[in-house]
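Asks: Next comes the structure file model35.cif, holding mmCIF, C-alpha atoms.
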```cif
data_start
#
loop_
_atom_site.group_PDB
_atom_site.id
_atom_site.type_symbol
_atom_site.label_atom_id
_atom_site.label_comp_id
_atom_site.auth_asym_id
_atom_site.auth_seq_id
_atom_site.Cartn_x
_atom_site.Cartn_y
_atom_site.Cartn_z
ATOM 1 C CA MET V 407 75.386 120.845 93.362
ATOM 2 C CA SER V 408 72.498 119.447 95.325
ATOM 3 C CA HIS V 409 72.470 118.728 99.055
ATOM 4 C CA ARG V 410 72.913 115.039 98.249
ATOM 5 C CA LYS V 411 76.549 113.967 98.134
ATOM 6 C CA THR V 412 77.779 111.192 95.909
ATOM 7 C CA ASN V 413 79.918 108.387 97.222
ATOM 8 C CA THR V 414 83.062 108.508 95.090
ATOM 9 C CA ALA V 415 85.934 106.053 95.523
ATOM 10 C CA VAL V 416 89.384 106.881 94.154
ATOM 11 C CA VAL V 417 91.351 103.629 93.843
ATOM 12 C CA TYR V 418 94.955 104.024 92.774
ATOM 13 C CA HIS V 419 98.505 102.722 92.832
ATOM 14 C CA SER V 420 101.422 105.112 93.213
ATOM 15 C CA GLY V 421 105.027 104.047 92.867
ATOM 16 C CA TYR V 422 106.865 107.233 93.843
ATOM 17 C CA GLY V 423 104.193 109.577 95.237
ATOM 18 C CA HIS V 424 103.284 111.556 92.106
ATOM 19 C CA THR V 425 100.169 109.516 91.338
ATOM 20 C CA GLN V 426 99.182 109.697 95.002
ATOM 21 C CA ARG V 427 99.365 113.478 94.787
ATOM 22 C CA MET V 428 97.074 113.373 91.733
ATOM 23 C CA ALA V 429 94.733 110.985 93.582
ATOM 24 C CA GLU V 430 94.506 113.448 96.461
ATOM 25 C CA ALA V 431 93.594 116.262 94.047
ATOM 26 C CA VAL V 432 90.953 114.082 92.347
ATOM 27 C CA ALA V 433 89.488 113.063 95.717
ATOM 28 C CA GLU V 434 89.428 116.700 96.851
ATOM 29 C CA GLY V 435 87.423 117.709 93.795
ATOM 30 C CA ALA V 436 85.065 114.738 94.088
ATOM 31 C CA GLY V 437 84.676 114.897 97.847
ATOM 32 C CA GLY V 438 85.765 111.270 97.576
ATOM 33 C CA THR V 439 87.658 108.696 99.562
ATOM 34 C CA LEU V 440 91.117 107.375 98.676
ATOM 35 C CA TYR V 441 91.871 103.646 98.479
ATOM 36 C CA ALA V 442 95.530 102.862 97.830
ATOM 37 C CA ILE V 443 96.583 99.654 96.109
ATOM 38 C CA ASP V 444 99.649 98.519 98.023
ATOM 39 C CA ALA V 445 103.099 97.662 96.662
ATOM 40 C CA ASP V 446 102.013 94.020 96.264
ATOM 41 C CA GLY V 447 98.922 94.963 94.236
ATOM 42 C CA ASN V 448 96.476 94.298 97.073
ATOM 43 C CA LEU V 449 93.475 96.160 98.423
ATOM 44 C CA SER V 450 91.817 95.560 101.789
ATOM 45 C CA ASP V 451 88.448 93.801 102.083
ATOM 46 C CA GLU V 452 87.029 97.071 103.446
ATOM 47 C CA ALA V 453 88.207 98.905 100.328
ATOM 48 C CA TRP V 454 86.608 96.285 98.034
ATOM 49 C CA ALA V 455 83.329 96.708 99.943
ATOM 50 C CA ALA V 456 83.608 100.496 99.585
ATOM 51 C CA LEU V 457 84.062 100.165 95.804
ATOM 52 C CA ASP V 458 80.965 97.961 95.627
ATOM 53 C CA ALA V 459 78.975 100.612 97.519
ATOM 54 C CA ALA V 460 80.314 103.640 95.609
ATOM 55 C CA ASP V 461 78.293 105.706 93.129
ATOM 56 C CA ALA V 462 81.493 106.455 91.195
ATOM 57 C CA ILE V 463 84.894 104.778 90.938
ATOM 58 C CA ILE V 464 87.941 106.681 89.689
ATOM 59 C CA PHE V 465 91.017 104.631 88.726
ATOM 60 C CA GLY V 466 94.572 105.931 89.022
ATOM 61 C CA SER V 467 97.955 104.525 88.080
ATOM 62 C CA PRO V 468 101.307 105.759 86.885
ATOM 63 C CA THR V 469 102.136 104.845 83.314
ATOM 64 C CA TYR V 470 105.070 102.449 83.249
ATOM 65 C CA MET V 471 106.327 100.956 79.989
ATOM 66 C CA GLY V 472 103.249 102.162 78.092
ATOM 67 C CA GLY V 473 100.527 100.997 80.485
ATOM 68 C CA PRO V 474 99.349 100.903 84.082
ATOM 69 C CA SER V 475 101.591 99.490 86.796
ATOM 70 C CA TRP V 476 101.509 95.733 87.414
ATOM 71 C CA GLN V 477 100.008 96.477 90.829
ATOM 72 C CA PHE V 478 97.044 98.182 89.166
ATOM 73 C CA LYS V 479 96.716 95.309 86.679
ATOM 74 C CA LYS V 480 96.570 92.843 89.583
ATOM 75 C CA PHE V 481 93.762 94.938 91.092
ATOM 76 C CA ALA V 482 91.976 94.957 87.709
ATOM 77 C CA ASP V 483 92.269 91.169 87.408
ATOM 78 C CA THR V 484 90.968 90.737 90.946
ATOM 79 C CA SER V 485 87.979 92.956 90.094
ATOM 80 C CA SER V 486 86.670 90.001 88.059
ATOM 81 C CA LYS V 487 84.892 88.923 91.270
ATOM 82 C CA ALA V 488 82.825 92.130 91.107
ATOM 83 C CA TRP V 489 82.398 91.590 87.348
ATOM 84 C CA PHE V 490 80.920 88.089 87.818
ATOM 85 C CA ALA V 491 78.310 89.520 90.201
ATOM 86 C CA ASN V 492 77.647 92.727 88.169
ATOM 87 C CA LYS V 493 78.468 94.731 91.307
ATOM 88 C CA TRP V 494 79.824 97.720 89.373
ATOM 89 C CA ARG V 495 77.276 97.752 86.551
ATOM 90 C CA ASP V 496 75.970 101.259 85.749
ATOM 91 C CA LYS V 497 78.419 102.958 88.102
ATOM 92 C CA VAL V 498 80.114 106.130 86.929
ATOM 93 C CA PHE V 499 83.838 105.701 86.166
ATOM 94 C CA GLY V 500 86.849 107.895 85.567
ATOM 95 C CA GLY V 501 90.629 107.662 85.703
ATOM 96 C CA PHE V 502 93.942 109.509 85.671
ATOM 97 C CA THR V 503 97.627 108.843 85.083
ATOM 98 C CA ASN V 504 101.091 110.338 85.368
ATOM 99 C CA SER V 505 104.454 109.616 83.729
ATOM 100 C CA ALA V 506 107.874 111.219 83.448
ATOM 101 C CA SER V 507 107.686 111.911 79.698
ATOM 102 C CA LEU V 508 105.413 114.399 77.983
ATOM 103 C CA ASN V 509 103.800 111.596 75.996
ATOM 104 C CA GLY V 510 104.999 108.506 77.810
ATOM 105 C CA ASP V 511 102.173 106.541 76.185
ATOM 106 C CA LYS V 512 99.777 107.757 78.877
ATOM 107 C CA LEU V 513 96.863 107.412 76.443
ATOM 108 C CA ASN V 514 97.260 103.611 76.628
ATOM 109 C CA THR V 515 96.775 103.704 80.401
ATOM 110 C CA LEU V 516 93.627 105.813 80.110
ATOM 111 C CA GLU V 517 92.265 103.533 77.374
ATOM 112 C CA TYR V 518 92.957 100.553 79.666
ATOM 113 C CA PHE V 519 90.816 102.249 82.327
ATOM 114 C CA VAL V 520 88.011 102.973 79.834
ATOM 115 C CA LEU V 521 87.992 99.334 78.737
ATOM 116 C CA LEU V 522 88.001 98.102 82.349
ATOM 117 C CA ALA V 523 85.032 100.365 83.126
ATOM 118 C CA GLY V 524 83.273 99.078 79.999
ATOM 119 C CA GLN V 525 83.850 95.467 80.994
ATOM 120 C CA HIS V 526 82.120 96.251 84.275
ATOM 121 C CA GLY V 527 79.192 97.833 82.416
ATOM 122 C CA GLY V 528 80.082 101.293 83.699
ATOM 123 C CA LEU V 529 79.644 104.811 82.345
ATOM 124 C CA TRP V 530 82.868 106.721 81.573
ATOM 125 C CA VAL V 531 83.200 110.464 82.234
ATOM 126 C CA SER V 532 85.419 112.464 79.889
ATOM 127 C CA LEU V 533 87.605 115.348 81.039
ATOM 128 C CA GLY V 534 85.291 118.001 79.579
ATOM 129 C CA MET V 535 88.093 120.578 79.427
ATOM 130 C CA LYS V 536 89.763 122.140 76.421
ATOM 131 C CA PRO V 537 93.565 121.881 76.214
ATOM 132 C CA ALA V 538 96.048 124.650 76.917
ATOM 133 C CA ASN V 539 97.648 124.559 73.473
ATOM 134 C CA VAL V 540 98.440 128.100 72.343
ATOM 135 C CA LYS V 541 101.779 129.960 72.383
ATOM 136 C CA ALA V 542 100.811 131.760 75.582
ATOM 137 C CA SER V 543 100.183 128.450 77.417
ATOM 138 C CA LYS V 544 102.421 127.679 80.384
ATOM 139 C CA ARG V 545 103.518 124.533 82.253
ATOM 140 C CA ASP V 546 101.109 125.276 85.087
ATOM 141 C CA ASP V 547 97.997 125.745 82.913
ATOM 142 C CA ALA V 548 95.137 123.289 83.340
ATOM 143 C CA ASN V 549 95.067 120.443 80.794
ATOM 144 C CA ARG V 550 98.487 121.304 79.389
ATOM 145 C CA MET V 551 98.748 117.637 78.282
ATOM 146 C CA GLY V 552 95.804 118.124 75.918
ATOM 147 C CA SER V 553 93.838 115.071 77.027
ATOM 148 C CA TYR V 554 90.127 114.656 76.430
ATOM 149 C CA ILE V 555 89.560 111.200 77.976
ATOM 150 C CA ALA V 556 90.773 112.044 81.491
ATOM 151 C CA PRO V 557 93.628 113.843 83.286
ATOM 152 C CA MET V 558 97.234 113.189 82.345
ATOM 153 C CA ALA V 559 100.147 114.593 84.306
ATOM 154 C CA GLN V 560 103.858 114.813 83.564
ATOM 155 C CA SER V 561 106.427 114.772 86.349
ATOM 156 C CA ASP V 562 110.136 114.955 85.576
ATOM 157 C CA ALA V 563 111.855 111.694 86.537
ATOM 158 C CA ASP V 564 114.093 113.490 89.040
ATOM 159 C CA ALA V 565 111.352 115.726 90.499
ATOM 160 C CA ALA V 566 109.736 115.202 93.887
ATOM 161 C CA PRO V 567 105.930 114.923 94.108
ATOM 162 C CA SER V 568 105.917 118.412 95.666
ATOM 163 C CA GLU V 569 107.321 119.764 92.372
ATOM 164 C CA MET V 570 104.373 118.623 90.239
ATOM 165 C CA SER V 571 102.701 121.133 87.943
ATOM 166 C CA VAL V 572 99.906 122.981 89.716
ATOM 167 C CA GLY V 573 98.048 122.930 86.392
ATOM 168 C CA ASP V 574 98.164 119.120 86.299
ATOM 169 C CA LEU V 575 96.867 118.988 89.874
ATOM 170 C CA GLU V 576 94.118 121.524 89.104
ATOM 171 C CA THR V 577 93.101 119.427 86.092
ATOM 172 C CA ALA V 578 92.856 116.400 88.405
ATOM 173 C CA ARG V 579 90.831 118.337 91.005
ATOM 174 C CA ALA V 580 88.397 119.686 88.397
ATOM 175 C CA TYR V 581 87.999 116.199 86.949
ATOM 176 C CA GLY V 582 87.130 114.730 90.344
ATOM 177 C CA GLU V 583 84.480 117.422 90.685
ATOM 178 C CA ARG V 584 83.099 116.581 87.216
ATOM 179 C CA VAL V 585 82.905 112.839 87.918
ATOM 180 C CA ALA V 586 81.049 113.471 91.196
ATOM 181 C CA TRP V 587 78.704 115.911 89.416
ATOM 182 C CA VAL V 588 77.869 113.358 86.714
ATOM 183 C CA ALA V 589 77.306 110.671 89.368
ATOM 184 C CA LEU V 590 75.016 113.044 91.269
ATOM 185 C CA ARG V 591 72.988 113.867 88.138
ATOM 186 C CA LEU V 592 72.578 110.168 87.399
ATOM 187 C CA ALA V 593 71.548 109.376 90.993
ATOM 188 C CA LEU V 594 68.994 112.196 91.010
ATOM 189 C CA ALA V 595 67.565 111.058 87.655
ATOM 190 C CA GLN V 596 67.244 107.498 88.940
ATOM 191 C CA ALA V 597 65.507 108.720 92.111
ATOM 192 C CA ALA V 598 62.971 110.796 90.147
#
```
Any chance you could put this one into structure tokens?

Replies:
Amino acid sequence: MSHRKTNTAVVYHSGYGHTQRMAEAVAEGAGGTLYAIDADGNLSDEAWAALDAADAIIFGSPTYMGGPSWQFKKFADTSSKAWFANKWRDKVFGGFTNSASLNGDKLNTLEYFVLLAGQHGGLWVSLGMKPANVKASKRDDANRMGSYIAPMAQSDADAAPSEMSVGDLETARAYGERVAWVALRLALAQAA
């Protein structure tokens, strides 16, 4: 990477701590800042201002009942203020999700994020990582969920956040790094 650092915001809701753990891994990879949506679906004014100023925004939510949490949906609806003013147009976007089941309809949550980014006129970054899908693959391999859009994680319903797959967390970290790298390339191209 260049000496210039991108300003990456990771905005997420976590119900039980698993999605927060993924958010931390994404932020580590991106060198980004975490902004938690609270239990009532709210975000501070300072966090909204940080999203407006960010080069990249990465969304995160658990998948509940086949989609993002209602707290994340409230945040998405409130983002219409930024949409009216085109504040997030041409920003780089990404996202991630977690659920208890192997499938758990996580793809719907990621597609929700892609559509939200598109409504804001943003540029989506794919995972850019091949899946771990051969007989020798293990639970702790990167991209064991086989996603191409963005990271998916699976956490057993009775498992603590500390018991999450290290492969899922590594996938999240690598994705954060990729989103920041794409945002940096775009910023450098615009400055040239």

Asks: So that I can check the surroundings of Tyr418 (chain V), please list as a ChimeraX atom specification every protein, DNA and RNA residue that reaches within 9 Å of it, counting all atoms listed in the file and ignoring chain neighbours fewer than 4 positions away.

Replies: /V:425-426,429,440-444,464-468,478

Asks: Near Glu569 (chain V), counting only C-alpha atoms, which residues have an atom at most 12 Å away, once you skip same-chain residues fewer than 5 positions from it, shown as an NGL selection string?

Replies: :V and (423-424 or 427 or 545-546 or 559-564 or 574-575)

Asks: With C-alpha atoms retained, write the just-selected residues as a PDB file, in the coordinates of the input.

Replies:
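Final output, again-v3.pdb:
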```
ATOM      1  CA  GLY V 423     104.193 109.577  95.237  1.00  0.00           C
ATOM      2  CA  HIS V 424     103.284 111.556  92.106  1.00  0.00           C
ATOM      3  CA  ARG V 427      99.365 113.478  94.787  1.00  0.00           C
ATOM      4  CA  ARG V 545     103.518 124.533  82.253  1.00  0.00           C
ATOM      5  CA  ASP V 546     101.109 125.276  85.087  1.00  0.00           C
ATOM      6  CA  ALA V 559     100.147 114.593  84.306  1.00  0.00           C
ATOM      7  CA  GLN V 560     103.858 114.813  83.564  1.00  0.00           C
ATOM      8  CA  SER V 561     106.427 114.772  86.349  1.00  0.00           C
ATOM      9  CA  ASP V 562     110.136 114.955  85.576  1.00  0.00           C
ATOM     10  CA  ALA V 563     111.855 111.694  86.537  1.00  0.00           C
ATOM     11  CA  ASP V 564     114.093 113.490  89.040  1.00  0.00           C
ATOM     12  CA  ASP V 574      98.164 119.120  86.299  1.00  0.00           C
ATOM     13  CA  LEU V 575      96.867 118.988  89.874  1.00  0.00           C
TER      14      LEU V 575
END
```

Asks: May I have the protein, DNA and RNA residues with any atom at most 12 Å from the point (99.2, 124.6, 73.2), counting all atoms listed in the file, written as a count of residues only?

Replies: 17

Asks: As a list in words, please: the residues near region 510-517 of chain V (cut-off 6 Å, all atoms listed in the file, same-chain neighbours under 4 positions excluded).

Replies: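 The residues satisfying every condition are Thr469, Gly472, Gly473 and Pro474 of chain V.
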
Asks: Using CA of Ala595 (chain V) and CA of Asp461 (chain V) as the two end points, give the distance in Å to one decimal.

Replies: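 According to the coordinates, CA of Ala595 (chain V) and CA of Asp461 (chain V) are separated by 13.2 Å.
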
Asks: Choose the residue, out of V:Met535, V:Asn504, V:Asn448, V:Tyr470, that has the smallest atom-to-atom separation from Met570 (chain V); count all atoms listed in the file.

Replies: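 That would be V:Asn504, the residue with the smallest distance to Met570 (chain V).
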
Asks: Closest to Lys493 (chain V) among V:Ala460, V:Val572, V:Val531, V:Ala565, using only C-alpha atoms?

Replies: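 Going through V:Ala460, V:Val572, V:Val531, V:Ala565 one by one, the smallest distance to Lys493 (chain V) is for V:Ala460.
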
Asks: Selection in question (the file shown): the PyMOL selection byres ((chain V and resi 579) around 12). Which residues does it include, as an MDAnalysis selection string?

Replies: chainID V and resid 416 427:438 501:502 533 548:549 556:558 572:578 580:586

Asks: Tell me, in Å to one decimal, how far CA of Ala589 (chain V) is from CA of Val498 (chain V).

Replies: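 Pair CA of Ala589 (chain V) / CA of Val498 (chain V) returns 5.9 Å.
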
Asks: Rounded to one decimal, what separation in Å do you get between CA of Ser507 (chain V) and CA of Thr414 (chain V)?

Replies: 29.2 Å

Asks: What's around Ala488 (chain V) at 12 Å? Count only C-alpha atoms, leave out sequence neighbours fewer than 2 positions away in its own chain, and write the answer as a PyMOL selection string.

Replies: chain V and resi 454-459+481-486+490-495+522-523+525-527

Asks: Give the answer as one residue: which of V:Val417, V:Met471, V:Gln477, V:Gln596 has the shortest atom-to-atom distance to Ala445 (chain V), using all atoms listed in the file?

Replies: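 Once distances to Ala445 (chain V) are computed over all atoms listed in the file, the minimum belongs to V:Gln477.
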
Asks: Mind giving me the axis-aligned box for region 453-460 of chain V with 4 Å on every side, centre plus edges in Å to one decimal, as lines of an AutoDock Vina configuration file?

Replies:
```
center_x = 83.6
center_y = 100.0
center_z = 98.0
size_x = 17.2
size_y = 15.4
size_z = 12.7
```

Asks: So, counting all atoms listed in the file, which residue among V:Ala453, V:Ala462, V:Leu508, V:Ile555 is closest to Leu592 (chain V)?

Replies: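 Residue with the minimum atom-to-atom distance to Leu592 (chain V): V:Ala462.
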
Asks: Find, counting only C-alpha atoms, the residue in V:Thr439, V:Ser532, V:Ser571, V:Ser475 that gets nearest to Thr503 (chain V).

Replies: V:Ser475

Asks: N, CA, C and O atoms for region 503-529 of chain V, written as an mmCIF file, keeping the file's coordinate frame, could you do that?

Replies:
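Ended up saving to selection_3.cif:
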```cif
data_model
loop_
_atom_site.group_PDB
_atom_site.id
_atom_site.type_symbol
_atom_site.label_atom_id
_atom_site.label_comp_id
_atom_site.auth_asym_id
_atom_site.auth_seq_id
_atom_site.Cartn_x
_atom_site.Cartn_y
_atom_site.Cartn_z
ATOM 1 N N THR V 503 96.291 109.437 85.106
ATOM 2 C CA THR V 503 97.627 108.843 85.083
ATOM 3 C C THR V 503 98.703 109.915 85.049
ATOM 4 O O THR V 503 98.438 111.084 84.767
ATOM 5 N N ASN V 504 99.917 109.485 85.319
ATOM 6 C CA ASN V 504 101.091 110.338 85.368
ATOM 7 C C ASN V 504 102.279 109.551 84.808
ATOM 8 O O ASN V 504 102.349 108.331 84.998
ATOM 9 N N SER V 505 103.185 110.242 84.119
ATOM 10 C CA SER V 505 104.454 109.616 83.729
ATOM 11 C C SER V 505 105.519 110.698 83.637
ATOM 12 O O SER V 505 105.219 111.891 83.679
ATOM 13 N N ALA V 506 106.765 110.270 83.490
ATOM 14 C CA ALA V 506 107.874 111.219 83.448
ATOM 15 C C ALA V 506 107.973 111.943 82.106
ATOM 16 O O ALA V 506 108.421 113.086 82.051
ATOM 17 N N SER V 507 107.567 111.305 81.031
ATOM 18 C CA SER V 507 107.686 111.911 79.698
ATOM 19 C C SER V 507 106.423 112.674 79.333
ATOM 20 O O SER V 507 105.337 112.383 79.832
ATOM 21 N N LEU V 508 106.579 113.625 78.411
ATOM 22 C CA LEU V 508 105.413 114.399 77.983
ATOM 23 C C LEU V 508 104.345 113.501 77.385
ATOM 24 O O LEU V 508 103.170 113.640 77.687
ATOM 25 N N ASN V 509 104.752 112.558 76.536
ATOM 26 C CA ASN V 509 103.800 111.596 75.996
ATOM 27 C C ASN V 509 103.797 110.380 76.905
ATOM 28 O O ASN V 509 102.817 110.132 77.593
ATOM 29 N N GLY V 510 104.878 109.640 76.909
ATOM 30 C CA GLY V 510 104.999 108.506 77.810
ATOM 31 C C GLY V 510 103.958 107.429 77.606
ATOM 32 O O GLY V 510 103.785 106.561 78.455
ATOM 33 N N ASP V 511 103.225 107.505 76.493
ATOM 34 C CA ASP V 511 102.173 106.541 76.185
ATOM 35 C C ASP V 511 101.078 106.499 77.252
ATOM 36 O O ASP V 511 100.464 105.464 77.505
ATOM 37 N N LYS V 512 100.829 107.646 77.852
ATOM 38 C CA LYS V 512 99.777 107.757 78.877
ATOM 39 C C LYS V 512 98.393 107.422 78.322
ATOM 40 O O LYS V 512 97.545 106.938 79.058
ATOM 41 N N LEU V 513 98.163 107.703 77.040
ATOM 42 C CA LEU V 513 96.863 107.412 76.443
ATOM 43 C C LEU V 513 96.522 105.935 76.590
ATOM 44 O O LEU V 513 95.368 105.579 76.846
ATOM 45 N N ASN V 514 97.523 105.047 76.470
ATOM 46 C CA ASN V 514 97.260 103.611 76.628
ATOM 47 C C ASN V 514 96.720 103.291 78.017
ATOM 48 O O ASN V 514 95.846 102.436 78.163
ATOM 49 N N THR V 515 97.250 103.941 79.034
ATOM 50 C CA THR V 515 96.775 103.704 80.401
ATOM 51 C C THR V 515 95.324 104.154 80.541
ATOM 52 O O THR V 515 94.493 103.431 81.099
ATOM 53 N N LEU V 516 95.012 105.338 80.018
ATOM 54 C CA LEU V 516 93.627 105.813 80.110
ATOM 55 C C LEU V 516 92.682 104.911 79.324
ATOM 56 O O LEU V 516 91.567 104.622 79.783
ATOM 57 N N GLU V 517 93.109 104.452 78.147
ATOM 58 C CA GLU V 517 92.265 103.533 77.374
ATOM 59 C C GLU V 517 92.070 102.211 78.118
ATOM 60 O O GLU V 517 90.997 101.610 78.052
ATOM 61 N N TYR V 518 93.082 101.760 78.828
ATOM 62 C CA TYR V 518 92.957 100.553 79.666
ATOM 63 C C TYR V 518 91.855 100.755 80.706
ATOM 64 O O TYR V 518 91.024 99.875 80.930
ATOM 65 N N PHE V 519 91.848 101.945 81.327
ATOM 66 C CA PHE V 519 90.816 102.249 82.327
ATOM 67 C C PHE V 519 89.421 102.278 81.701
ATOM 68 O O PHE V 519 88.459 101.786 82.293
ATOM 69 N N VAL V 520 89.305 102.901 80.519
ATOM 70 C CA VAL V 520 88.011 102.973 79.834
ATOM 71 C C VAL V 520 87.504 101.564 79.541
ATOM 72 O O VAL V 520 86.327 101.247 79.768
ATOM 73 N N LEU V 521 88.383 100.705 79.041
ATOM 74 C CA LEU V 521 87.992 99.334 78.737
ATOM 75 C C LEU V 521 87.594 98.580 80.008
ATOM 76 O O LEU V 521 86.595 97.857 80.020
ATOM 77 N N LEU V 522 88.339 98.752 81.079
ATOM 78 C CA LEU V 522 88.001 98.102 82.349
ATOM 79 C C LEU V 522 86.623 98.558 82.830
ATOM 80 O O LEU V 522 85.794 97.737 83.240
ATOM 81 N N ALA V 523 86.356 99.849 82.749
ATOM 82 C CA ALA V 523 85.032 100.365 83.126
ATOM 83 C C ALA V 523 83.951 99.769 82.232
ATOM 84 O O ALA V 523 82.872 99.384 82.701
ATOM 85 N N GLY V 524 84.235 99.670 80.930
ATOM 86 C CA GLY V 524 83.273 99.078 79.999
ATOM 87 C C GLY V 524 83.006 97.619 80.290
ATOM 88 O O GLY V 524 81.867 97.156 80.204
ATOM 89 N N GLN V 525 84.049 96.874 80.653
ATOM 90 C CA GLN V 525 83.850 95.467 80.994
ATOM 91 C C GLN V 525 82.925 95.325 82.204
ATOM 92 O O GLN V 525 82.169 94.357 82.297
ATOM 93 N N HIS V 526 82.994 96.277 83.095
ATOM 94 C CA HIS V 526 82.120 96.251 84.275
ATOM 95 C C HIS V 526 80.731 96.839 83.985
ATOM 96 O O HIS V 526 79.889 96.886 84.887
ATOM 97 N N GLY V 527 80.496 97.267 82.757
ATOM 98 C CA GLY V 527 79.192 97.833 82.416
ATOM 99 C C GLY V 527 79.012 99.237 82.946
ATOM 100 O O GLY V 527 77.893 99.700 83.167
ATOM 101 N N GLY V 528 80.132 99.956 83.125
ATOM 102 C CA GLY V 528 80.082 101.293 83.699
ATOM 103 C C GLY V 528 79.959 102.394 82.672
ATOM 104 O O GLY V 528 80.011 102.161 81.460
ATOM 105 N N LEU V 529 79.827 103.611 83.159
ATOM 106 C CA LEU V 529 79.644 104.811 82.345
ATOM 107 C C LEU V 529 80.857 105.713 82.544
ATOM 108 O O LEU V 529 81.103 106.187 83.649
#
```
